[in-house]
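Shown next, in structure tokens, is the structure this report addresses.
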Amino acid sequence: AGGQNEAASSKPGFLNFAVVAKSLNNPAFQVAEKGANDRAAELGDVGITWTAPTNADAAEEVQMIEGFIAKHVDGILVDSLGPSACGAVNEAIKAGIPVVMWDSDCPDSERNAYVGSDNFKGGYAAGLLYAKAVQGKGQQNVAILTGTPGASNLQQRDQGFTKALDDQQIPYKIVTTVPCYEDLAKSVTAVEDTLRGNPSINGFFFDGPWSLLVDPSNLPVMTSKVQSGALTVVSFDTLPPEIQYVTNGSVIGLVGQTYYGWGYQGIQVLYQIVKNHLKYPKFVNTGLGIVTPQPEMVGDQQSITPQAMNQLWSSFSFKEKPLLPQDLH
Amino acid sequence: MSDERRDATVPGAPRRRTALLAFERFYRSSEAGTLAAVVLLMVLLTFANNQFLTRDNLIFTARSFSFIAIAAMGACFVIIVGGIDLSVGSVMGLAGVVAAFLSSHGYGTIPSVVGALLVGTVSGLLNGLLIAKGGLAPFIVTLGTLSIFRSFVYIVTGGFPMQGFGPSLLWLGQGFFIGIPMPVWIMVVFWILLTFVLRRMRLGWYAYSIGGNEEAARLSGLPVDRVKVLVYVIAGLMGAIGGLLLVARLGVGESTAGLGYELNVIAAAVIGGVSLKGGQGSAFSAVLGAALIGVLNNGLVLLGVGEYLQQLVIGAVIILAVSIDRIRAKNFA
Amino acid sequence: MSDERRDATVPGAPRRRTALLAFERFYRSSEAGTLAAVVLLMVLLTFANNQFLTRDNLIFTARSFSFIAIAAMGACFVIIVGGIDLSVGSVMGLAGVVAAFLSSHGYGTIPSVVGALLVGTVSGLLNGLLIAKGGLAPFIVTLGTLSIFRSFVYIVTGGFPMQGFGPSLLWLGQGFFIGIPMPVWIMVVFWILLTFVLRRMRLGWYAYSIGGNEEAARLSGLPVDRVKVLVYVIAGLMGAIGGLLLVARLGVGESTAGLGYELNVIAAAVIGGVSLKGGQGSAFSAVLGAALIGVLNNGLVLLGVGEYLQQLVIGAVIILAVSIDRIRAKNFA
Amino acid sequence: MAHLDALSALSVHHLTKKYSGVTVLDRVDLSVRPGEILALLGENGAGKSTLMKILSGIHRPDDGRIEFFGREIELRGPKQAQALGINIIHQELNIVANRTVAQNIFLGREPPATWLPAWSGWIDIARMNADAQGLLREVGLASLAPSARCAELSTAQQQLVEIARAISTESKIILMDEPTSSLSAAQVESLFQLMRRLRSGGLGVILTTHRIEEAFEIADRIVILRDGKLVADRPAKETRPQEVIQWMVGRPVGQLFPERSSAPHKDLLQVNGLSGGKVREVSFAVRRGEVFGLGGLMGSGRTEVARLLFGADRAERGDIVLNGRKARIASPEDAVALGVGFVPEDRKLQALILDLAVRQNMVLASLRSFSRGGVIRRKAIERSVGAYVRDLNVQLRSASQHVRFLSGGNQQKVVLAKWLMLSPRILILDEPTRGIDVGAKAEIYALIDRLASTGIAIVMISSELPELLGMSDRVGVMSEGRLVGVLDRREATPETVMRLASMGKAALEGGAR
Ligand SMILES: Nc1ncnc2c1ncn2[C@@H]1O[C@H](COP(=O)(O)OP(=O)(O)OP(=O)(O)O)[C@@H](O)[C@H]1O
Ligand SMILES: Nc1ncnc2c1ncn2[C@@H]1O[C@H](COP(=O)(O)OP(=O)(O)OP(=O)(O)O)[C@@H](O)[C@H]1O
Ligand SMILES: [Mg+2]
Ligand SMILES: [Mg+2]
């Protein structure tokens, strides 16, 4: 993906942008990369170096950003692996290189803008879906599946989720939070064991996609509990393997980010800032992608059907309209 | 050959019943400590949570650690011969995604499985040749190939999870035979097979000898280099099988498959009582070590131990398990 | 004591110039291969990218690997004495977040630093006592404490990143002195310090002897257990300092600080030429190994090497670096 | 005994030691006076080393008393024994190979720098090296640099470094456990001179050796252990070697060397112009059924010839002809396939897997013939191992016993059995009786003779002249990497062999070739 623009970079007016993703191992980032490349192609005078730390380690991400500072790129898009990466963002700004954050923000940094959606709001949307499904069904004993304990973006999702339940006055208790360390095999074992160990659990919130990225046959206890109406599950992210769980009714809904928009709008915003010195608001909301069996309004967001989402993934025909400051208010 | 350690060093000991003798032999073996820990843990969990000792929970727990156990048996073989294989997690991932790639691109189960096994063979061969013929340190070689093979994983998947495997490939990971999950069967088969190789086959005897004293083995005319290469190939194959089953069981081949598993796999072997010094160890150790961690993980979730404390308990149990072994070992030192 | 290897075994060899002798001594040392690899890499990068050999790029690269290098020097000490410390990543994290906790709760820099050092001391003491006095295998003990200390990290942070450190703590991680970043200074100070300890002080000599032949060391009346405990404490301290500086540099204490660093740290030492067999190694090795990986990472970014190929290049360079060393070693074997 | 104890520097009373229930030392009484050299003799496994380890604080006795200059002491560790002035030279070399000679000599007693407080741990390296130089001169290693790494020393040099270590501090007692086993005759002589100097300085020495003549040469008193019991304690002057052997073994030992009768056979092994490492142009031939001895000084390259022959090291030039056909031996594996066996000089490091059973060690080289399709035939192994254990009279508790727990002589028999199971055509023996007691020696000599009589060609390296002369049909003598002469049985005398062996380079270049 990277490096192909070295030759072009010598042309006057041509912009070299660097994009730092969190990792390589997730289709969301593939879509984001496509979005970035699509927008770059439309613009015509932008080259992209796409990269990610090999170990999902913030210090390594910092080193990458420092490398790009040394390389004097024209702008950097950064997906933060945690607050630890944020110092380097300020260094880039200090070195005169505009930085736009995407996916995960560094809210306290000097970055020019953040393109993405709010994790808290995402969790809140998931909470709304959940609340609607269990309205009037009595006490909810909810378990949460999380990735690495203490990861802040995941915690924001959890907080949004519980806030929505509070606001909707659902009687609930968070019974347990199980980590899976972002490992798929561990995640399914964790979900199944949790349900088996505590039969009183009647709700599950996955604050990441892990256990829905695998075959449904891995989740027999969950599936059977859902079928008997004793369990309600809502999950984060709208990656391809997850969609089937909405179709088959295991999950009431999925709340994801607009992965394509990360890249597409990220390049757009960065380009406009660098080239045309436009001023964007600090938060450029790319909105949420919500998947529910039937289209409905979730808060202020319109959801789409699993079929529609599948269609998008299979054709890879995500579309975005380039945002300009005046589109945002 | 752990069953033959120090036995009958007391001359003229009265003939005891064979059963008793077998027990004593076992008690003196290096696996006894971990087995005691596993049993103790299971008893505790049975009392602590009524869901623990259910058929479903037990077989699913067994399935969840079978992948690690299979790879750990291979790791154990490498450790016996005095080496180490850090690349196993990447081999698991690569074999898994190659099979996933083939199967989801319409190839049958046999080509997919062969593809995975080929990955295991070639990666093991590369490790083995660099180590045995190149004379490089196993730690570094396999640290390097850990990176290299993971890179191949990314190239194969392109970052996209691959799904839509053929049904018989899925069955290998998800199916049951007489009520027992296939991966558990396969683990048992390899356990028996490897035990046979280690105890009853020339290759196994050579491996213990090389790990015990490489110089003496070489000067006894043993084909040291060839044995080492073969052992790394076997480890690669076992890793590949573990990875294949893992991916087949999850039904998805994605680029994080097996990421960071090297530590889990080697830990399983070592916790089971294999010494990193080489020359000693058994297939049973690897299974036991994997079982300890698997049961522990299961228990922690069943009991709803908080996310922050899980690691604390795991660490403490690992240290306790080897302390038990230490006390046992002292008893007849 | 690589400087003293093999010299003067030929009595009455003609007196050569000291400089030449020093060079030969160095060429025969185990660090020469990695140094050659680092230099080669730097020359290549200088030609490949005109940004590489700039003052800014070099000092930032040096800073980025200084944390690992500091911890790797501690790891190297442990390896010299024949042990291994897998808990270093967690110690780094725990020391970092403890300092972050103290500093962000209004404690001054000195209490924060003392807190971090205390973490290093206590964790090293725990490892050392379990290994030396408890007689447990280092791999297992530190595998267990790796989990345990990480659990403490989660407990300290409660999952929330801690920010708002005092300015002098930040300065330790982010400041400069005569144009060189503080962490680099600190790395250099420890490099000199540790080199002296290893070459000129009893503790260092005992460490080499214990790692080289523990039985002989014991029979010579060396306080083997005490030395081992002390070495693990030093490693704990070096890990803690690395972690403290890392967190101070990033300005945030997060629960993922140092997660998984054990492999990087040990790899740095081993790539630098330290043998896991024990009895051999130097502070310089650890710095070199960390530098190789640091420069490589920097070069990959500067050259814009595609994301999928980065790991491939890293793995290949690691193997090549030790192959260079192998060829060098053969030259005078 | 009481009045004797008053004179003794170190004495033990009723000393008893058991290892997992087996009594190794049984109520031993023994004393050594200042200025006395005591030879402690006994078979392998008699308990000599155990006794010495107890006296140096390494092991604790189960029962009995230790008195040091009349005062009862309890030894809690090697450090304490050292502090009292009891130093030991261990039977097994205790050298840290990666460290220098000086570092090994002063291990644990490094001279502190004077310009810094002692607690700093700062070492005065210059002083240490200077002191080491002096000590090396005393043990006859004047040419060795104190900064040389021990890994590069020969076994004999390492042994001398250990001796230097033992005399580097004020000692009152030195315990020497087989210090001569790897030394050359000249080195033994210089060691004995050193011991006499120490004796005249009032030091007490306890020495063990399996070379009985040495005990008579140096010791004032001879003490004999058998099966952990003290069976004799005599002034050396009033004793005869034959008596000593009888006390040791518990029965009269007949002739040490068997009557060798060699029928003229064809050459089985021819070595032509073999060169590699320090070995230069070595050529000789060995006949079927012949014992070809290789003599020479330490470091003359005998071991290297053996290693080249066996493929353990790579030859630069020369060929090996086996049975009239040129053999390609590039590795030990090739050698074994051609029916060549090799008993190396260090059995623990080079021949045995100490933590495996006797059974596995014995079949190691011939495992191929004990397996079918890679599967081991356990019954066949059991039969064969049993037969060799009986035939070679290996003393063990079961074939499952780890070799680590066998005595030296029995370990060596296991190594021999390993090669016999291969039915070799050629057997190379490097110092086959090093560290082995007289009884076992006689058995091994008889065995070598028997093997030769079955038609095996034997190359035997030995540093013990009586052994070399007693066993060999012909003796090749090496010096400086060259084979400087081959003597047949009648020509070979201690004088002729030594003369050839000490022929320096100069003499060689002078004309011999
Ligand atoms: N650590 C030990 N554990 C068990 N048995 C031991 C141990 N050390 C020695 N033995 C046994 O004690 C007996 C006496 O051994 P020791 O080493 O004292 O004999 P030795 O007289 O020195 O023989 P050698 O001449 O071969 O050196 C032997 O049977 C030996 O197997
Ligand atoms: N296995 C080995 N590996 C490396 N070096 C060796 C080995 N064996 C001997 N040497 C070295 O080779 C040199 C020549 O010794 P070698 O053993 O060949 O002579 P030798 O005549 O057999 O003497 P010795 O009686 O001591 O065995 C010695 O300095 C020794 O350090
Ligand atoms: Mg002895
Ligand atoms: Mg020799």
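Residue names in the structure tokens use chain letters A, B, ... in the order shown, residue numbers from 1 in each chain, and ligand numbers from 1 in the order shown.
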Quiz item: What residues have any atom no more than 7 Å from ligand 1 when counting only C-alpha atoms and all ligand atoms, and can you list them as a PyMOL selection string?
Solution: chain D and resi 19-20+24+42-51+91+405-409+435-437
Deliver the residues from the most recent selection as a file, using N, CA and C atoms, as a PDB file, in the first residue's frame.
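Written output follows (result.pdb):
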ATOM      1  N   TYR D  19      23.600 -42.054  51.511  1.00  0.00           N
ATOM      2  CA  TYR D  19      22.856 -41.434  50.414  1.00  0.00           C
ATOM      3  C   TYR D  19      21.606 -42.255  50.176  1.00  0.00           C
ATOM      4  N   SER D  20      20.480 -41.646  50.307  1.00  0.00           N
ATOM      5  CA  SER D  20      19.172 -42.319  50.206  1.00  0.00           C
ATOM      6  C   SER D  20      19.221 -43.735  50.766  1.00  0.00           C
ATOM      7  N   VAL D  24      27.543 -44.931  52.626  1.00  0.00           N
ATOM      8  CA  VAL D  24      28.685 -44.692  51.744  1.00  0.00           C
ATOM      9  C   VAL D  24      29.968 -44.597  52.561  1.00  0.00           C
ATOM     10  N   GLY D  42      41.453 -46.472  47.434  1.00  0.00           N
ATOM     11  CA  GLY D  42      40.266 -47.322  47.453  1.00  0.00           C
ATOM     12  C   GLY D  42      39.705 -47.445  46.057  1.00  0.00           C
ATOM     13  N   GLU D  43      38.829 -48.428  45.898  1.00  0.00           N
ATOM     14  CA  GLU D  43      38.208 -48.637  44.594  1.00  0.00           C
ATOM     15  C   GLU D  43      37.299 -47.477  44.239  1.00  0.00           C
ATOM     16  N   ASN D  44      36.842 -47.483  42.997  1.00  0.00           N
ATOM     17  CA  ASN D  44      35.814 -46.524  42.611  1.00  0.00           C
ATOM     18  C   ASN D  44      34.589 -46.739  43.482  1.00  0.00           C
ATOM     19  N   GLY D  45      34.075 -45.665  44.013  1.00  0.00           N
ATOM     20  CA  GLY D  45      32.872 -45.777  44.821  1.00  0.00           C
ATOM     21  C   GLY D  45      33.135 -46.180  46.255  1.00  0.00           C
ATOM     22  N   ALA D  46      34.402 -46.231  46.656  1.00  0.00           N
ATOM     23  CA  ALA D  46      34.720 -46.628  48.027  1.00  0.00           C
ATOM     24  C   ALA D  46      34.315 -45.537  49.012  1.00  0.00           C
ATOM     25  N   GLY D  47      34.217 -44.315  48.536  1.00  0.00           N
ATOM     26  CA  GLY D  47      33.800 -43.227  49.425  1.00  0.00           C
ATOM     27  C   GLY D  47      34.866 -42.167  49.641  1.00  0.00           C
ATOM     28  N   LYS D  48      35.923 -42.198  48.852  1.00  0.00           N
ATOM     29  CA  LYS D  48      37.029 -41.248  49.034  1.00  0.00           C
ATOM     30  C   LYS D  48      36.565 -39.803  48.833  1.00  0.00           C
ATOM     31  N   SER D  49      35.900 -39.587  47.708  1.00  0.00           N
ATOM     32  CA  SER D  49      35.472 -38.222  47.420  1.00  0.00           C
ATOM     33  C   SER D  49      34.433 -37.759  48.427  1.00  0.00           C
ATOM     34  N   THR D  50      33.569 -38.662  48.825  1.00  0.00           N
ATOM     35  CA  THR D  50      32.560 -38.306  49.806  1.00  0.00           C
ATOM     36  C   THR D  50      33.217 -37.822  51.087  1.00  0.00           C
ATOM     37  N   LEU D  51      34.239 -38.525  51.510  1.00  0.00           N
ATOM     38  CA  LEU D  51      34.956 -38.148  52.726  1.00  0.00           C
ATOM     39  C   LEU D  51      35.560 -36.746  52.562  1.00  0.00           C
ATOM     40  N   GLN D  91      37.803 -33.666  42.475  1.00  0.00           N
ATOM     41  CA  GLN D  91      38.048 -34.678  41.454  1.00  0.00           C
ATOM     42  C   GLN D  91      37.534 -34.204  40.101  1.00  0.00           C
ATOM     43  N   PHE D 405      24.753 -42.059  38.505  1.00  0.00           N
ATOM     44  CA  PHE D 405      24.930 -42.641  39.832  1.00  0.00           C
ATOM     45  C   PHE D 405      25.863 -43.844  39.849  1.00  0.00           C
ATOM     46  N   LEU D 406      26.510 -44.128  38.737  1.00  0.00           N
ATOM     47  CA  LEU D 406      27.473 -45.228  38.729  1.00  0.00           C
ATOM     48  C   LEU D 406      28.867 -44.711  39.084  1.00  0.00           C
ATOM     49  N   SER D 407      29.712 -45.616  39.541  1.00  0.00           N
ATOM     50  CA  SER D 407      31.091 -45.218  39.825  1.00  0.00           C
ATOM     51  C   SER D 407      31.836 -45.079  38.504  1.00  0.00           C
ATOM     52  N   GLY D 408      32.997 -44.412  38.576  1.00  0.00           N
ATOM     53  CA  GLY D 408      33.755 -44.129  37.362  1.00  0.00           C
ATOM     54  C   GLY D 408      34.059 -45.372  36.535  1.00  0.00           C
ATOM     55  N   GLY D 409      34.485 -46.424  37.200  1.00  0.00           N
ATOM     56  CA  GLY D 409      34.845 -47.637  36.483  1.00  0.00           C
ATOM     57  C   GLY D 409      33.643 -48.236  35.785  1.00  0.00           C
ATOM     58  N   GLY D 435      41.138 -42.404  35.818  1.00  0.00           N
ATOM     59  CA  GLY D 435      40.275 -42.307  36.997  1.00  0.00           C
ATOM     60  C   GLY D 435      39.617 -43.619  37.392  1.00  0.00           C
ATOM     61  N   ILE D 436      40.224 -44.729  36.966  1.00  0.00           N
ATOM     62  CA  ILE D 436      39.590 -46.015  37.248  1.00  0.00           C
ATOM     63  C   ILE D 436      40.474 -46.827  38.186  1.00  0.00           C
ATOM     64  N   ASP D 437      39.823 -47.530  39.103  1.00  0.00           N
ATOM     65  CA  ASP D 437      40.605 -48.227  40.119  1.00  0.00           C
ATOM     66  C   ASP D 437      41.297 -49.474  39.555  1.00  0.00           C
TER      67      ASP D 437
END
Non-local contacts of Ser23 of chain A (6 Å; only C-alpha atoms; under 2 positions in same chain excluded) as an mmCIF file with C-alpha atoms, in the first residue's frame:
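Generated file (selection.cif):
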data_model
loop_
_atom_site.group_PDB
_atom_site.id
_atom_site.type_symbol
_atom_site.label_atom_id
_atom_site.label_comp_id
_atom_site.auth_asym_id
_atom_site.auth_seq_id
_atom_site.Cartn_x
_atom_site.Cartn_y
_atom_site.Cartn_z
ATOM 1 C CA ALA A 21 -3.620 2.814 11.736
ATOM 2 C CA ASN A 25 -5.667 -7.137 11.199
ATOM 3 C CA ALA A 52 0.522 0.450 11.486
#
Which residues sit within 12 Å of ligand 4, counting only C-alpha atoms and all ligand atoms, listed as a JSON list (two decimals) with C-alpha atoms, in the first residue's frame?
[["chain", "number", "residue", "atom", "x", "y", "z"],
["D", 154, "SER", "CA", 44.02, -28.36, 28.16],
["D", 155, "THR", "CA", 42.61, -30.53, 30.91],
["D", 156, "ALA", "CA", 46.03, -30.80, 32.48],
["D", 182, "SER", "CA", 45.10, -35.90, 33.85],
["D", 183, "LEU", "CA", 48.68, -34.81, 34.43],
["D", 184, "SER", "CA", 51.74, -35.91, 32.51],
["D", 294, "LEU", "CA", 49.69, -44.09, 20.83],
["D", 295, "GLY", "CA", 52.03, -42.48, 23.29],
["D", 296, "GLY", "CA", 53.43, -39.03, 23.70],
["D", 297, "LEU", "CA", 53.39, -36.07, 25.96],
["D", 298, "MET", "CA", 50.26, -34.22, 26.89],
["D", 299, "GLY", "CA", 49.17, -32.00, 24.07],
["D", 300, "SER", "CA", 51.21, -33.90, 21.51],
["D", 301, "GLY", "CA", 48.07, -34.32, 19.41],
["D", 302, "ARG", "CA", 47.07, -37.88, 20.14],
["D", 303, "THR", "CA", 43.49, -37.00, 20.91],
["D", 304, "GLU", "CA", 43.34, -34.95, 17.79],
["D", 305, "VAL", "CA", 44.49, -37.89, 15.69],
["D", 306, "ALA", "CA", 41.71, -39.95, 17.22],
["D", 307, "ARG", "CA", 39.14, -37.23, 16.55],
["D", 343, "VAL", "CA", 35.91, -44.03, 23.61],
["D", 344, "PRO", "CA", 36.79, -40.38, 24.27],
["D", 345, "GLU", "CA", 38.98, -39.16, 27.08],
["D", 346, "ASP", "CA", 36.28, -37.39, 29.06],
["D", 428, "ILE", "CA", 39.74, -46.11, 19.34],
["D", 429, "LEU", "CA", 40.35, -45.79, 23.06],
["D", 430, "ASP", "CA", 41.49, -42.44, 24.44],
["D", 431, "GLU", "CA", 42.83, -42.81, 27.97],
["D", 432, "PRO", "CA", 40.54, -45.76, 28.65],
["D", 434, "ARG", "CA", 41.61, -42.56, 33.46],
["D", 460, "MET", "CA", 44.78, -47.05, 22.33],
["D", 461, "ILE", "CA", 45.94, -43.63, 23.50],
["D", 462, "SER", "CA", 47.46, -43.64, 26.94],
["D", 463, "SER", "CA", 49.53, -41.35, 29.08],
["D", 464, "GLU", "CA", 50.37, -44.13, 31.51],
["D", 478, "MET", "CA", 53.72, -38.56, 18.90],
["D", 481, "GLY", "CA", 51.47, -33.19, 16.16]]
Exercise. Find the residues in chain A near chain B: any atom within 8 Å counts, using only C-alpha atoms. Write them as a list in words.
Key: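 Matching residues, ligands excluded from the count: Leu24, Asn25, Asn26, Pro27, Gln30, Pro149, Thr176, Thr177, Val178, Pro179, Asp183, Leu184, Ala185, Thr189, Ala190, Asp193, Thr194, Arg196, Gly197, Asn198, Leu213, Val214, Asp215, Ser217, Asn218 and Pro241 of chain A.
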Self-check item: Atomic distance atom CA of Ser209 of chain C - atom CA of His402 of chain D, expressed in Å with one decimal
Solution: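 Here the two named atoms are 27.9 Å from each other.
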Quiz item: Looking only at the backbone, which of the residues in segment 179-278 of chain A does DSSP tag as strand (DSSP E), as a PyMOL selection string?
Solution: chain A and resi 179+203-206+232-236+253-257
Practice problem: Give as number ranges by chain every residue of chain D that touches chain C within 9 Å, counting only C-alpha atoms. | Solution: D: 58, 77-80, 82, 93-100, 103-104, 107-108, 110, 112, 120-125, 143-153
Quiz item: In terms of the shortest atom-to-atom distance over only C-alpha atoms and all ligand atoms, which of D:Ser479, D:Thr454, D:Gln412, D:Ser56 is closest to ligand 2?
Solution: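 Between D:Ser479, D:Thr454, D:Gln412, D:Ser56, the residue approaching ligand 2 most closely is D:Ser479.
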Quiz item: Do you know which residues are at most 8 Å from Asp225 of chain C counting only C-alpha atoms, after dropping those on the same chain fewer than 3 positions away, and could you put them as a list in words?
Solution: Ala132, Lys133, Lys228 and Val229 of chain C
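Separating atom CA of Ser317 of chain A from atom CA of Ile290 of chain A is a distance of 17.0 Å.
In this model, the gap between atom CA of Leu451 of chain D and atom CA of Leu420 of chain D comes to 8.7 Å.
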